[in-house]
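Asks: Next comes the structure file data_37.txt, holding compact mmCIF, C-alpha atoms.
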```
# COMPACT_ATOMS: atom_id res chain seq x y z
CA HIS A 25 60.28 122.18 46.79
CA VAL A 26 58.82 124.27 49.62
CA ARG A 27 57.20 122.65 52.66
CA GLY A 28 57.82 125.11 55.50
CA LEU A 29 55.54 128.17 55.60
CA HIS A 30 54.53 130.56 58.40
CA LEU A 31 52.55 133.79 58.13
CA LEU A 32 52.97 136.15 61.05
CA ASN A 33 50.27 138.41 59.63
CA ASP A 34 48.95 139.54 56.24
CA LYS A 35 52.30 141.12 55.36
CA VAL A 36 55.15 139.25 57.04
CA ALA A 37 55.83 135.60 56.20
CA TRP A 38 58.71 133.13 55.99
CA ALA A 39 59.07 129.89 54.03
CA SER A 40 61.67 127.13 53.68
CA GLY A 41 62.41 124.15 51.51
CA ALA A 42 64.83 121.86 49.73
CA ALA A 43 68.44 122.66 48.82
CA GLY A 44 68.88 124.90 51.87
CA THR A 45 66.23 127.36 50.68
CA TYR A 46 64.57 130.06 52.74
CA MET A 47 62.11 132.74 51.63
CA ARG A 48 60.84 135.96 53.17
CA CYS A 49 57.89 138.28 52.42
CA LEU A 50 57.43 141.74 53.97
CA ASP A 51 54.52 143.27 52.07
CA GLY A 52 52.06 140.42 51.59
CA ASN A 53 52.95 140.19 47.92
CA GLU A 54 56.62 139.88 46.90
CA TRP A 55 58.92 137.08 48.06
CA PHE A 56 62.71 137.10 48.38
CA ALA A 57 64.41 133.68 48.10
CA ASP A 58 67.95 132.57 48.86
CA THR A 59 69.91 129.59 50.16
CA ILE A 60 71.88 129.20 53.38
CA ALA A 61 75.60 128.80 52.68
CA GLY A 62 76.93 125.46 53.88
CA TYR A 63 73.49 123.92 54.22
CA THR A 64 72.33 123.50 50.63
CA HIS A 65 72.32 119.71 51.07
CA LEU A 66 69.49 119.98 53.61
CA ASP A 67 65.71 120.02 53.21
CA PHE A 68 64.21 122.59 55.57
CA ARG A 69 60.74 121.12 56.11
CA ASP A 70 59.60 123.63 58.72
CA VAL A 71 60.04 127.32 59.52
CA HIS A 72 58.92 129.48 62.42
CA ALA A 73 58.75 133.25 62.03
CA ILE A 74 59.36 135.39 65.09
CA ASN A 75 59.34 138.78 63.36
CA ASP A 76 60.30 140.29 60.01
CA SER A 77 64.02 139.67 60.62
CA THR A 78 64.09 136.68 62.97
CA ALA A 79 63.14 133.11 62.10
CA LEU A 80 64.11 129.46 62.57
CA VAL A 81 64.35 126.70 59.99
CA MET A 82 64.34 122.95 60.74
CA ALA A 83 66.00 120.27 58.61
CA ALA A 84 64.31 116.89 58.12
CA GLY A 85 66.41 113.85 57.27
CA ASN A 86 69.43 112.12 58.75
CA GLU A 87 70.87 115.42 60.01
CA GLY A 88 68.82 116.94 62.79
CA ARG A 89 69.59 120.64 62.60
CA ILE A 90 67.78 123.87 63.54
CA LEU A 91 69.15 127.23 62.36
CA ARG A 92 68.21 130.73 63.51
CA THR A 93 68.64 134.17 61.96
CA GLU A 94 68.17 137.58 63.53
CA ASP A 95 69.24 139.65 60.53
CA ALA A 96 66.71 138.66 57.87
CA GLY A 97 68.81 135.74 56.64
CA ALA A 98 72.13 137.55 56.16
CA SER A 99 73.64 135.15 58.71
CA TRP A 100 72.44 131.97 60.41
CA ILE A 101 73.43 130.29 63.67
CA GLU A 102 73.03 126.55 64.17
CA VAL A 103 71.17 126.36 67.48
CA TYR A 104 70.48 122.61 67.57
CA THR A 105 72.37 119.62 66.17
CA ARG A 106 71.79 115.90 66.47
CA LEU A 107 73.39 113.49 64.02
CA ASP A 108 73.08 110.04 65.59
CA THR A 109 71.42 107.12 63.84
CA GLY A 110 67.65 107.35 63.58
CA ILE A 111 67.31 111.12 63.86
CA PHE A 112 64.55 112.61 61.72
CA LEU A 113 62.95 115.88 62.81
CA ASP A 114 59.30 116.35 61.80
CA GLY A 115 58.09 119.77 62.95
CA MET A 116 58.07 122.55 65.52
CA ASP A 117 55.57 124.92 67.09
CA PHE A 118 55.80 127.89 69.44
CA GLN A 119 53.56 129.83 71.76
CA GLY A 120 55.26 132.98 72.95
CA ASN A 121 58.83 132.24 74.03
CA ILE A 122 58.16 128.51 74.43
CA GLY A 123 58.70 126.13 71.53
CA TYR A 124 58.86 122.40 70.94
CA CYS A 125 60.29 120.34 68.09
CA TYR A 126 59.59 116.64 67.67
CA GLY A 127 61.09 113.82 65.65
CA ASP A 128 60.60 110.16 64.81
CA PRO A 129 61.03 107.58 67.59
CA ILE A 130 64.53 106.68 68.69
CA ASP A 131 64.75 103.49 70.77
CA GLY A 132 60.96 103.36 70.86
CA LYS A 133 60.32 106.91 72.07
CA ILE A 134 59.22 109.99 70.13
CA MET A 135 62.07 112.51 70.26
CA LEU A 136 61.12 115.90 71.74
CA ILE A 137 63.17 119.04 72.46
CA LYS A 138 62.12 122.31 74.08
CA SER A 139 63.16 125.96 73.86
CA GLU A 140 62.26 128.65 76.39
CA ASP A 141 63.93 131.57 74.61
CA LYS A 142 62.33 131.71 71.14
CA GLY A 143 64.60 129.03 69.75
CA LYS A 144 68.00 130.38 70.83
CA THR A 145 68.76 127.27 72.88
CA TRP A 146 67.17 123.80 73.08
CA ILE A 147 67.06 121.04 75.68
CA GLU A 148 66.18 117.37 75.24
CA ILE A 149 63.04 116.10 76.94
CA ASP A 150 63.79 112.88 78.82
CA PRO A 151 62.61 110.13 76.44
CA GLU A 152 61.54 107.99 79.38
CA THR A 153 58.76 110.49 80.05
CA MET A 154 57.35 110.04 76.52
CA PRO A 155 54.75 107.46 75.47
CA THR A 156 56.13 104.29 73.91
CA ALA A 157 55.83 104.28 70.13
CA MET A 158 53.93 101.52 68.37
CA PRO A 159 55.77 99.40 65.76
CA LYS A 160 56.55 101.53 62.68
CA GLU A 161 54.85 104.59 64.24
CA ALA A 162 56.37 107.94 63.26
CA GLY A 163 55.63 111.56 62.50
CA PHE A 164 55.42 113.13 59.07
CA ALA A 165 57.56 116.09 57.99
CA ALA A 166 55.19 116.87 55.12
CA SER A 167 54.72 120.50 56.18
CA GLY A 168 56.16 120.71 59.69
CA THR A 169 52.65 121.12 61.14
CA GLY A 170 52.16 117.86 63.01
CA ILE A 171 52.67 119.51 66.41
CA VAL A 172 50.51 122.06 68.23
CA VAL A 173 51.39 123.92 71.43
CA ASN A 174 48.29 125.19 73.24
CA GLY A 175 49.24 126.79 76.52
CA LYS A 176 50.70 124.05 78.72
CA ALA A 177 49.29 121.35 76.44
CA ILE A 178 51.31 119.76 73.62
CA HIS A 179 49.84 117.66 70.82
CA ILE A 180 51.96 115.51 68.49
CA ALA A 181 50.47 113.72 65.46
CA THR A 182 51.67 110.32 64.25
CA GLY A 183 50.82 107.59 61.80
CA GLY A 184 51.91 104.14 60.78
CA ASP A 185 50.90 100.59 60.01
CA LEU A 186 48.79 100.05 63.12
CA ALA A 187 47.12 103.37 63.90
CA ALA A 188 47.15 107.14 63.69
CA ARG A 189 47.52 108.66 67.13
CA VAL A 190 47.83 112.00 68.89
CA LEU A 191 50.29 112.07 71.78
CA THR A 192 49.05 114.76 74.12
CA LEU A 193 50.58 116.28 77.25
CA GLN A 194 48.04 117.80 79.64
CA ASP A 195 48.31 118.50 83.36
CA GLY A 196 51.83 117.11 83.31
CA GLU A 197 50.79 113.68 81.97
CA TRP A 198 51.30 112.18 78.51
CA LYS A 199 48.48 110.24 76.90
CA ALA A 200 48.49 108.40 73.57
CA ILE A 201 45.06 108.81 71.96
CA SER A 202 44.05 106.68 68.99
CA THR A 203 42.12 108.53 66.29
CA PRO A 204 39.82 107.38 63.47
CA MET A 205 42.24 108.80 60.90
CA ARG A 206 43.22 106.23 58.29
CA GLY A 207 46.18 104.09 59.32
CA GLY A 208 48.44 101.79 57.35
CA GLU A 209 51.63 102.06 55.34
CA ALA A 210 52.41 105.74 54.62
CA CYS A 211 49.12 106.69 56.31
CA GLY A 212 48.19 108.78 59.32
CA ILE A 213 47.94 112.37 60.54
CA PHE A 214 50.11 114.73 58.54
CA SER A 215 48.97 118.10 59.89
CA MET A 216 47.05 119.60 62.78
CA ALA A 217 45.48 123.03 63.35
CA LEU A 218 44.22 124.62 66.55
CA ILE A 219 40.89 126.46 66.67
CA PRO A 220 41.03 128.34 69.99
CA PRO A 221 40.41 127.62 72.70
CA SER A 222 40.39 123.81 72.50
CA THR A 223 39.31 122.44 69.11
CA LEU A 224 41.84 120.56 67.00
CA VAL A 225 41.45 119.57 63.35
CA THR A 226 43.74 117.05 61.69
CA VAL A 227 44.20 116.15 58.04
CA GLY A 228 46.17 113.41 56.38
CA GLY A 229 45.23 110.06 54.94
CA CYS A 230 47.62 108.04 52.79
CA TYR A 231 50.06 109.60 50.35
CA LEU A 232 50.25 106.31 48.45
CA ASP A 233 46.51 106.66 47.78
CA SER A 234 46.27 110.42 47.32
CA ALA A 235 42.76 110.55 45.81
CA ALA A 236 40.93 108.60 48.54
CA SER A 237 38.30 110.86 50.09
CA LEU A 238 37.67 108.95 53.34
CA GLY A 239 39.74 108.73 56.50
CA ASN A 240 41.62 111.99 56.00
CA CYS A 241 40.08 114.39 58.55
CA THR A 242 39.35 114.14 62.27
CA ILE A 243 38.20 116.65 64.88
CA SER A 244 38.65 116.95 68.64
CA MET A 245 36.43 119.30 70.64
CA ASP A 246 38.13 118.65 73.99
CA ASN A 247 41.75 119.63 73.43
CA GLY A 248 42.80 116.31 71.94
CA LEU A 249 41.37 113.87 74.49
CA SER A 250 38.81 112.34 72.09
CA TRP A 251 38.47 112.34 68.31
CA GLU A 252 35.73 111.87 65.74
CA SER A 253 35.83 111.39 61.98
CA ILE A 254 33.87 113.36 59.40
CA SER A 255 31.69 110.94 57.46
CA GLU A 256 30.79 113.21 54.54
CA ASN A 257 32.28 116.16 52.69
CA GLN A 258 35.84 115.43 53.71
CA PRO A 259 38.81 116.96 51.92
CA ARG A 260 39.05 115.35 48.50
CA GLY A 261 42.05 113.15 49.17
CA TYR A 262 45.26 113.01 51.15
CA ARG A 263 46.16 116.41 52.59
CA SER A 264 49.58 117.36 53.93
CA CYS A 265 48.72 120.67 55.62
CA VAL A 266 45.82 122.43 57.33
CA ASP A 267 45.72 125.93 58.82
CA TYR A 268 43.11 128.14 60.49
CA SER A 269 42.44 131.88 60.28
CA GLU A 270 40.72 132.96 63.47
CA PHE A 271 39.80 136.35 62.01
CA ALA A 272 38.00 134.77 59.06
CA ASP A 273 36.92 131.57 60.90
CA LEU A 274 38.34 129.71 57.91
CA LEU A 275 40.18 126.39 57.54
CA VAL A 276 42.21 125.56 54.44
CA ALA A 277 43.71 122.15 53.68
CA SER A 278 46.18 121.46 50.88
CA GLY A 279 47.80 118.39 49.35
CA ARG A 280 49.12 116.97 46.12
CA THR A 281 45.61 116.57 44.62
CA GLY A 282 44.14 119.94 45.52
CA ILE A 283 42.89 122.49 48.03
CA ASP A 284 39.73 122.42 50.17
CA TYR A 285 38.27 124.84 52.70
CA SER A 286 35.82 124.72 55.60
CA LEU A 287 33.64 127.45 57.08
CA ASP A 288 32.23 125.33 59.91
CA LYS A 289 35.38 124.36 61.81
CA GLY A 290 36.06 121.26 59.75
CA ARG A 291 32.62 119.68 59.77
CA THR A 292 32.21 120.01 56.01
CA TRP A 293 34.74 120.78 53.30
CA LEU A 294 34.31 122.47 49.94
CA PRO A 295 36.62 122.21 46.92
CA LEU A 296 38.72 125.26 46.07
CA SER A 297 41.19 124.03 43.46
CA ASP A 298 42.66 120.90 41.91
CA GLU A 299 46.15 122.44 42.04
CA GLY A 300 48.46 120.54 44.35
CA PHE A 301 50.43 122.26 47.12
CA TYR A 302 52.46 120.82 49.99
CA THR A 303 51.85 123.54 52.56
CA CYS A 304 49.55 126.43 53.47
CA SER A 305 49.42 129.24 56.03
CA LEU A 306 46.72 131.83 56.66
CA GLY A 307 46.63 135.41 57.90
CA ASP A 308 43.58 137.57 58.57
CA SER A 309 42.61 138.33 54.98
CA ILE A 310 45.17 136.47 52.85
CA GLY A 311 46.86 133.10 52.76
CA TRP A 312 49.71 131.47 50.87
CA LEU A 313 50.22 127.97 49.49
CA MET A 314 53.55 126.56 48.32
CA GLY A 315 54.75 123.32 46.85
CA ARG A 316 56.71 121.45 44.24
CA GLY A 317 59.39 123.31 42.31
CA GLY A 318 58.71 126.56 44.16
CA LYS A 319 55.09 126.79 43.02
CA LEU A 320 53.11 129.28 45.10
CA ALA A 321 49.61 130.72 45.19
CA LYS A 322 48.02 133.57 47.09
CA LEU A 323 44.55 133.32 48.61
CA THR A 324 42.40 136.35 49.34
CA TRP A 325 38.99 136.63 50.94
```
Would you mind writing the structure in this file as structure tokens?
Replies:
Amino acid sequence: HVRGLHLLNDKVAWASGAAGTYMRCLDGNEWFADTIAGYTHLDFRDVHAINDSTALVMAAGNEGRILRTEDAGASWIEVYTRLDTGIFLDGMDFQGNIGYCYGDPIDGKIMLIKSEDKGKTWIEIDPETMPTAMPKEAGFAASGTGIVVNGKAIHIATGGDLAARVLTLQDGEWKAISTPMRGGEACGIFSMALIPPSTLVTVGGCYLDSAASLGNCTISMDNGLSWESISENQPRGYRSCVDYSEFADLLVASGRTGIDYSLDKGRTWLPLSDEGFYTCSLGDSIGWLMGRGGKLAKLTW
């Protein structure tokens, strides 16, 4: 099963998944797949591509590990490890050299780590500086895309029994913003995409009610400070990933019940396919979707 996917451009892409799997594409067409020796018990739910030979993979589950390769996967270095009770990494995002990775709350605080050297080293962010989590609030490692770094701003998506929120750091201050995304058991924001300079689109819903077509998309026009729901023409059910192609001004959302796309920055969504995919990533003129059992599809426009 593949949940991590990152296109650098129309040719170069990396992916990651269960059983210690990583994948690499260099020509926009053919994929090479292998497993990382010693780590085949892990599920790599997120991947970040730095170039055609350098990438990071993040494990979700009760072993918090991030691995990095600089030689196209021939060897991997474990650059972050946390194994204490409660650890569950959800996703990472980078802008330039700076990257952040977040995880479920530990002792009531969302876990956050930071890298300033493209993932070579990581430091823990003081949990006391983070907003207090609500009861049963957590992130979702559905596609590793529940975090967005936008300059000095950081946005982290959550869900849970009480509400779906976006925790946002701006001007050095954390704020916890409630959104109209559907909340409840196994419900919330599963993925978030940035439309530069300051529009954010989230998708999600409830994976226990995958076909419900309401409460699964919200939009912020002010860099995450306020959110609105889309009353009509939402994605047709729970969606686990959304991505944006700036060149094509195109949004694509994928989930277990199908694929939808938007040409108006998330205001309205159109059906593309009933095929289910866990994750998606877009370049300038192509995109990829991946999912259960290694299933993959290529989009062109």
Asks: When you count all atoms listed in the file, which of these residues is closest to Thr145 in chain A: A:Arg206, A:Leu113, A:Gly168, A:Leu80?
Replies: A:Leu80
Asks: Give the answer as one residue: which of A:Lys322, A:Ile310, A:Met245, A:Asn257 has the shortest atom-to-atom distance to Trp293 in chain A, using all atoms listed in the file?
Replies: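 Once distances to Trp293 in chain A are computed over all atoms listed in the file, the minimum belongs to A:Asn257.
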Asks: With a distance cut-off of 12 Å and only C-alpha atoms, select the neighbouring residues of Phe56 in chain A, excluding the residue or stretch itself and same-chain residues fewer than 6 positions from it, and output the selection as a list in words.
Replies: Val36, Ala37, Trp38, Ala39, Ser40, Thr45, Tyr46, Met47, Arg48, Cys49, Leu50, Ala96 and Gly97 of chain A
Asks: Which residue is closest to Asn53 in chain A? Choose from A:Thr324, A:Thr223, A:Thr192, A:Thr153 and count only C-alpha atoms.
Replies: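 Looking only at the distances to Asn53 in chain A, the closest residue turns out to be A:Thr324.
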Asks: Just the number, please: distance in Å from CA of Met116 in chain A to CA of Thr169 in chain A, one decimal.
Replies: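 Computing the Euclidean distance for CA of Met116 in chain A and CA of Thr169 in chain A yields 7.1 Å.
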Asks: What's the 12 Å shell around Ser278 in chain A, counting all atoms listed in the file, without same-chain residues fewer than 2 positions away, as an NGL selection string?
Replies: :A and (27 or 166-167 or 214-215 or 226-228 or 234 or 240 or 259-267 or 275-276 or 280-286 or 293-306 or 311-315 or 320-321)
Asks: Just the number, please: distance in Å from CA of Met216 in chain A to CA of Gly248 in chain A, one decimal.
Replies: 10.6 Å
Asks: Taking into account only C-alpha atoms, which residue in the set A:Ile74, A:Met158, A:Val103, A:Cys230 is nearest to Ile122 in chain A?
Replies: A:Ile74
Asks: Which residues, written as number ranges by chain, have at least one atom at most 8 Å from Ile178 in chain A, with only C-alpha atoms counted and residues fewer than 3 positions away on the same chain left out?
Replies: A: 171-175, 191-194
Asks: How many Å separate CA of Ile137 in chain A from CA of Tyr63 in chain A?
Replies: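 Spanning CA of Ile137 in chain A to CA of Tyr63 in chain A is a straight-line distance of 21.5 Å.
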Asks: Within 10 Å of (38.8, 133.1, 60.6) (coordinates as in the file), grab all the protein and nucleic acid residues, counting only C-alpha atoms, and write them out as number ranges by chain.
Replies: A: 219, 268-275, 287, 289, 306-309
Asks: May I have the selected residues written with C-alpha atoms, as a PDB file, in the coordinates of the input?
Replies:
```pdb
ATOM      1  CA  ILE A 219      40.890 126.460  66.670  1.00  0.00           C
ATOM      2  CA  TYR A 268      43.110 128.140  60.490  1.00  0.00           C
ATOM      3  CA  SER A 269      42.440 131.880  60.280  1.00  0.00           C
ATOM      4  CA  GLU A 270      40.720 132.960  63.470  1.00  0.00           C
ATOM      5  CA  PHE A 271      39.800 136.350  62.010  1.00  0.00           C
ATOM      6  CA  ALA A 272      38.000 134.770  59.060  1.00  0.00           C
ATOM      7  CA  ASP A 273      36.920 131.570  60.900  1.00  0.00           C
ATOM      8  CA  LEU A 274      38.340 129.710  57.910  1.00  0.00           C
ATOM      9  CA  LEU A 275      40.180 126.390  57.540  1.00  0.00           C
ATOM     10  CA  LEU A 287      33.640 127.450  57.080  1.00  0.00           C
ATOM     11  CA  LYS A 289      35.380 124.360  61.810  1.00  0.00           C
ATOM     12  CA  LEU A 306      46.720 131.830  56.660  1.00  0.00           C
ATOM     13  CA  GLY A 307      46.630 135.410  57.900  1.00  0.00           C
ATOM     14  CA  ASP A 308      43.580 137.570  58.570  1.00  0.00           C
ATOM     15  CA  SER A 309      42.610 138.330  54.980  1.00  0.00           C
TER      16      SER A 309
END
```
Asks: Go through A:Pro220, A:Gly62, A:Gly239, A:Gly127 one by one, measure the shortest atom-to-atom distance of each to Glu102 in chain A using all atoms listed in the file, and give the residue with the smallest value.
Replies: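 The shortest atom-to-atom distance to Glu102 in chain A comes from A:Gly62.
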Asks: With distances taken over only C-alpha atoms, which residue among A:Ala61, A:Leu249, A:Val225, A:Met135 lies nearest Ala177 in chain A?
Replies: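 Smallest distance to Ala177 in chain A is found for A:Leu249.
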Asks: Mind working out the centre and edge lengths of an axis-aligned box for range 165-182 of chain A, all listed atoms inside, 5 Å added to each side, rounded to one decimal in Å and written as AutoDock Vina command-line options?
Replies:
```
--center_x 52.9 --center_y 118.6 --center_z 66.9 --size_x 19.3 --size_y 26.5 --size_z 33.6
```
Asks: Can you take range 209-222 of chain A from the block and write N, CA and C atoms as a PDB file, in the first residue's frame?
Replies:
```
ATOM      1  N   GLU A 209     -15.939  10.679  15.338  1.00  0.00           N
ATOM      2  CA  GLU A 209     -15.030   9.554  15.346  1.00  0.00           C
ATOM      3  C   GLU A 209     -14.484   9.288  13.947  1.00  0.00           C
ATOM      4  N   ALA A 210     -13.169   9.216  13.816  1.00  0.00           N
ATOM      5  CA  ALA A 210     -12.483   8.957  12.540  1.00  0.00           C
ATOM      6  C   ALA A 210     -12.779  10.034  11.499  1.00  0.00           C
ATOM      7  N   CYS A 211     -13.100  11.238  11.963  1.00  0.00           N
ATOM      8  CA  CYS A 211     -13.442  12.337  11.052  1.00  0.00           C
ATOM      9  C   CYS A 211     -12.505  13.521  11.270  1.00  0.00           C
ATOM     10  N   GLY A 212     -12.359  14.346  10.235  1.00  0.00           N
ATOM     11  CA  GLY A 212     -11.570  15.552  10.349  1.00  0.00           C
ATOM     12  C   GLY A 212     -10.875  15.903   9.054  1.00  0.00           C
ATOM     13  N   ILE A 213      -9.794  16.657   9.164  1.00  0.00           N
ATOM     14  CA  ILE A 213      -9.017  17.099   8.004  1.00  0.00           C
ATOM     15  C   ILE A 213      -7.894  16.101   7.778  1.00  0.00           C
ATOM     16  N   PHE A 214      -7.870  15.515   6.604  1.00  0.00           N
ATOM     17  CA  PHE A 214      -6.869  14.500   6.290  1.00  0.00           C
ATOM     18  C   PHE A 214      -5.749  15.034   5.402  1.00  0.00           C
ATOM     19  N   SER A 215      -5.995  16.140   4.704  1.00  0.00           N
ATOM     20  CA  SER A 215      -4.991  16.644   3.763  1.00  0.00           C
ATOM     21  C   SER A 215      -5.225  18.124   3.530  1.00  0.00           C
ATOM     22  N   MET A 216      -4.144  18.825   3.202  1.00  0.00           N
ATOM     23  CA  MET A 216      -4.207  20.266   3.011  1.00  0.00           C
ATOM     24  C   MET A 216      -3.255  20.667   1.890  1.00  0.00           C
ATOM     25  N   ALA A 217      -3.718  21.569   1.007  1.00  0.00           N
ATOM     26  CA  ALA A 217      -2.892  22.045  -0.102  1.00  0.00           C
ATOM     27  C   ALA A 217      -2.837  23.566  -0.071  1.00  0.00           C
ATOM     28  N   LEU A 218      -1.680  24.101  -0.419  1.00  0.00           N
ATOM     29  CA  LEU A 218      -1.479  25.541  -0.492  1.00  0.00           C
ATOM     30  C   LEU A 218      -1.636  26.014  -1.931  1.00  0.00           C
ATOM     31  N   ILE A 219      -2.449  27.059  -2.117  1.00  0.00           N
ATOM     32  CA  ILE A 219      -2.523  27.780  -3.380  1.00  0.00           C
ATOM     33  C   ILE A 219      -1.873  29.138  -3.138  1.00  0.00           C
ATOM     34  N   PRO A 220      -0.647  29.354  -3.609  1.00  0.00           N
ATOM     35  CA  PRO A 220       0.061  30.598  -3.297  1.00  0.00           C
ATOM     36  C   PRO A 220      -0.730  31.831  -3.733  1.00  0.00           C
ATOM     37  N   PRO A 221      -0.644  32.932  -2.965  1.00  0.00           N
ATOM     38  CA  PRO A 221       0.257  33.056  -1.820  1.00  0.00           C
ATOM     39  C   PRO A 221      -0.347  32.625  -0.481  1.00  0.00           C
ATOM     40  N   SER A 222      -1.687  32.634  -0.333  1.00  0.00           N
ATOM     41  CA  SER A 222      -2.219  32.461   1.019  1.00  0.00           C
ATOM     42  C   SER A 222      -3.559  31.737   1.085  1.00  0.00           C
TER      43      SER A 222
END
```
